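Please read the structure below before turning to the comments.
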Amino acid sequence: MTKIRAELSKSNPLYVDKHAFLSAYHFALQYPVWKRQYADTIGSAVKAVDPDGMPHGSETGDPTSRIAMRASVLRSNIDLIESTALTAGEGLAEYILFATTNEGVTYKYLTGERCKLGRIPCGRNEYYQRRRLFYYLLSKRMEERNVTS
């Protein structure tokens, strides 16, 4: 497991409170799960309506609206993470997104032969600075949206 240093010096312009950082860290790690759930939710929308007119199941309410609301929340979370990676990463967005949404992805992995994205096109310091910026921006955007992980 990768060691994540949760706290920067308060004099650092990218300083985020330890708990806000950890909240953003764990929020980003849910991205692959949300992507799968979103695909499943969109697929289940087709099955939500049964045209035979007979009642099915014991739930009351509108299953289509429930599915649409769930899909909306998932899409919003996915978009938040992807747009933050684009903002923080610029040319490295794909690497930042991959590294921050999968546990244990280090710079060493990103420079190795096994990295599915190919070798990262920047140095160690630039990568870690961009990753810090990602968590800083994500934390601030989550705070604006009042998102909790």
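Letters for chains follow the order of the structure tokens (A, B, ...), residue numbers begin at 1 for each chain, and ligand numbers begin at 1 in the order shown.
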Test item: residues at most 10 Å from Leu117 (chain A), only C-alpha atoms, excluding those fewer than 3 positions along its chain, as an mmCIF file with N, CA and C atoms, in the first residue's frame:
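Result file follows (result19.cif):
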data_model
loop_
_atom_site.group_PDB
_atom_site.id
_atom_site.type_symbol
_atom_site.label_atom_id
_atom_site.label_comp_id
_atom_site.auth_asym_id
_atom_site.auth_seq_id
_atom_site.Cartn_x
_atom_site.Cartn_y
_atom_site.Cartn_z
ATOM 1 N N GLU A 94 -4.645 12.476 -17.836
ATOM 2 C CA GLU A 94 -4.917 11.041 -17.890
ATOM 3 C C GLU A 94 -4.149 10.299 -16.791
ATOM 4 N N TYR A 95 -2.893 10.698 -16.576
ATOM 5 C CA TYR A 95 -2.070 10.071 -15.537
ATOM 6 C C TYR A 95 -2.556 10.450 -14.145
ATOM 7 N N PHE A 98 -5.769 8.530 -13.437
ATOM 8 C CA PHE A 98 -5.471 7.127 -13.177
ATOM 9 C C PHE A 98 -4.840 6.940 -11.796
ATOM 10 N N LEU A 110 4.209 4.660 -12.767
ATOM 11 C CA LEU A 110 3.890 5.430 -13.974
ATOM 12 C C LEU A 110 5.077 5.553 -14.933
ATOM 13 N N THR A 111 6.284 5.368 -14.427
ATOM 14 C CA THR A 111 7.467 5.429 -15.292
ATOM 15 C C THR A 111 7.912 4.048 -15.750
ATOM 16 N N GLU A 113 7.462 -0.081 -17.181
ATOM 17 C CA GLU A 113 7.001 -0.782 -18.383
ATOM 18 C C GLU A 113 5.552 -1.248 -18.256
ATOM 19 N N ARG A 114 5.107 -1.549 -17.034
ATOM 20 C CA ARG A 114 3.778 -2.133 -16.839
ATOM 21 C C ARG A 114 2.639 -1.123 -16.875
ATOM 22 N N ILE A 120 4.987 8.082 -18.168
ATOM 23 C CA ILE A 120 4.541 9.445 -17.873
ATOM 24 C C ILE A 120 5.568 10.448 -18.425
#
As an MDAnalysis selection string, please: all residues of chain A that backbone DSSP puts in helix (DSSP H, G or I).
chainID A and resid 18:29 31:47 63:101 107:110 124:145
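Of the residues under consideration (A:Gly89, A:Pro32, A:Gly43, A:Pro63), A:Gly89 shows the shortest atom-to-atom contact distance to Leu137 (chain A) when counting only C-alpha atoms.
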Write out as a PyMOL selection string which residues come within 10 Å of Cys122 (chain A) when counting only C-alpha atoms, dropping same-chain ones fewer than 2 positions away.
chain A and resi 91-92+107+111+119-120+124-127
Work out how far apart CA of Arg36 (chain A) and CA of Arg131 (chain A) are and give it in Å to one decimal.
24.0 Å
Between A:Ala88, A:Ala99, A:Ala93, A:Leu29, single out the one closest to Arg130 (chain A), counting only C-alpha atoms.
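Closest to Arg130 (chain A), using only C-alpha atoms: A:Ala88.
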What's around Gln37 (chain A) at 10 Å? Count only C-alpha atoms, leave out sequence neighbours fewer than 3 positions away in its own chain, and write the answer as a PyMOL selection string.
chain A and resi 31-34+40-43+70-71+74-75
Find the residue from A:Val73, A:Gln30, A:Ser83, A:Lys18 that sits nearest to Leu138 (chain A); use only C-alpha atoms when measuring.
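Among A:Val73, A:Gln30, A:Ser83, A:Lys18, it is A:Ser83 that comes nearest to Leu138 (chain A).
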I'd like the interatomic distance between CA of Lys10 (chain A) and CA of Ile96 (chain A), to a tenth of an Å.
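Rounded to one decimal, the two atoms are 23.5 Å apart.
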Between CA of Thr101 (chain A) and CA of Lys140 (chain A), distance in Å (one decimal):
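That distance, rounded to one decimal, is 17.5 Å.
Among A:Tyr38, A:Val105, A:Leu86, A:Tyr135, the residue with the shortest atom-to-atom distance to Met69 (chain A), counting only C-alpha atoms, is A:Tyr38.
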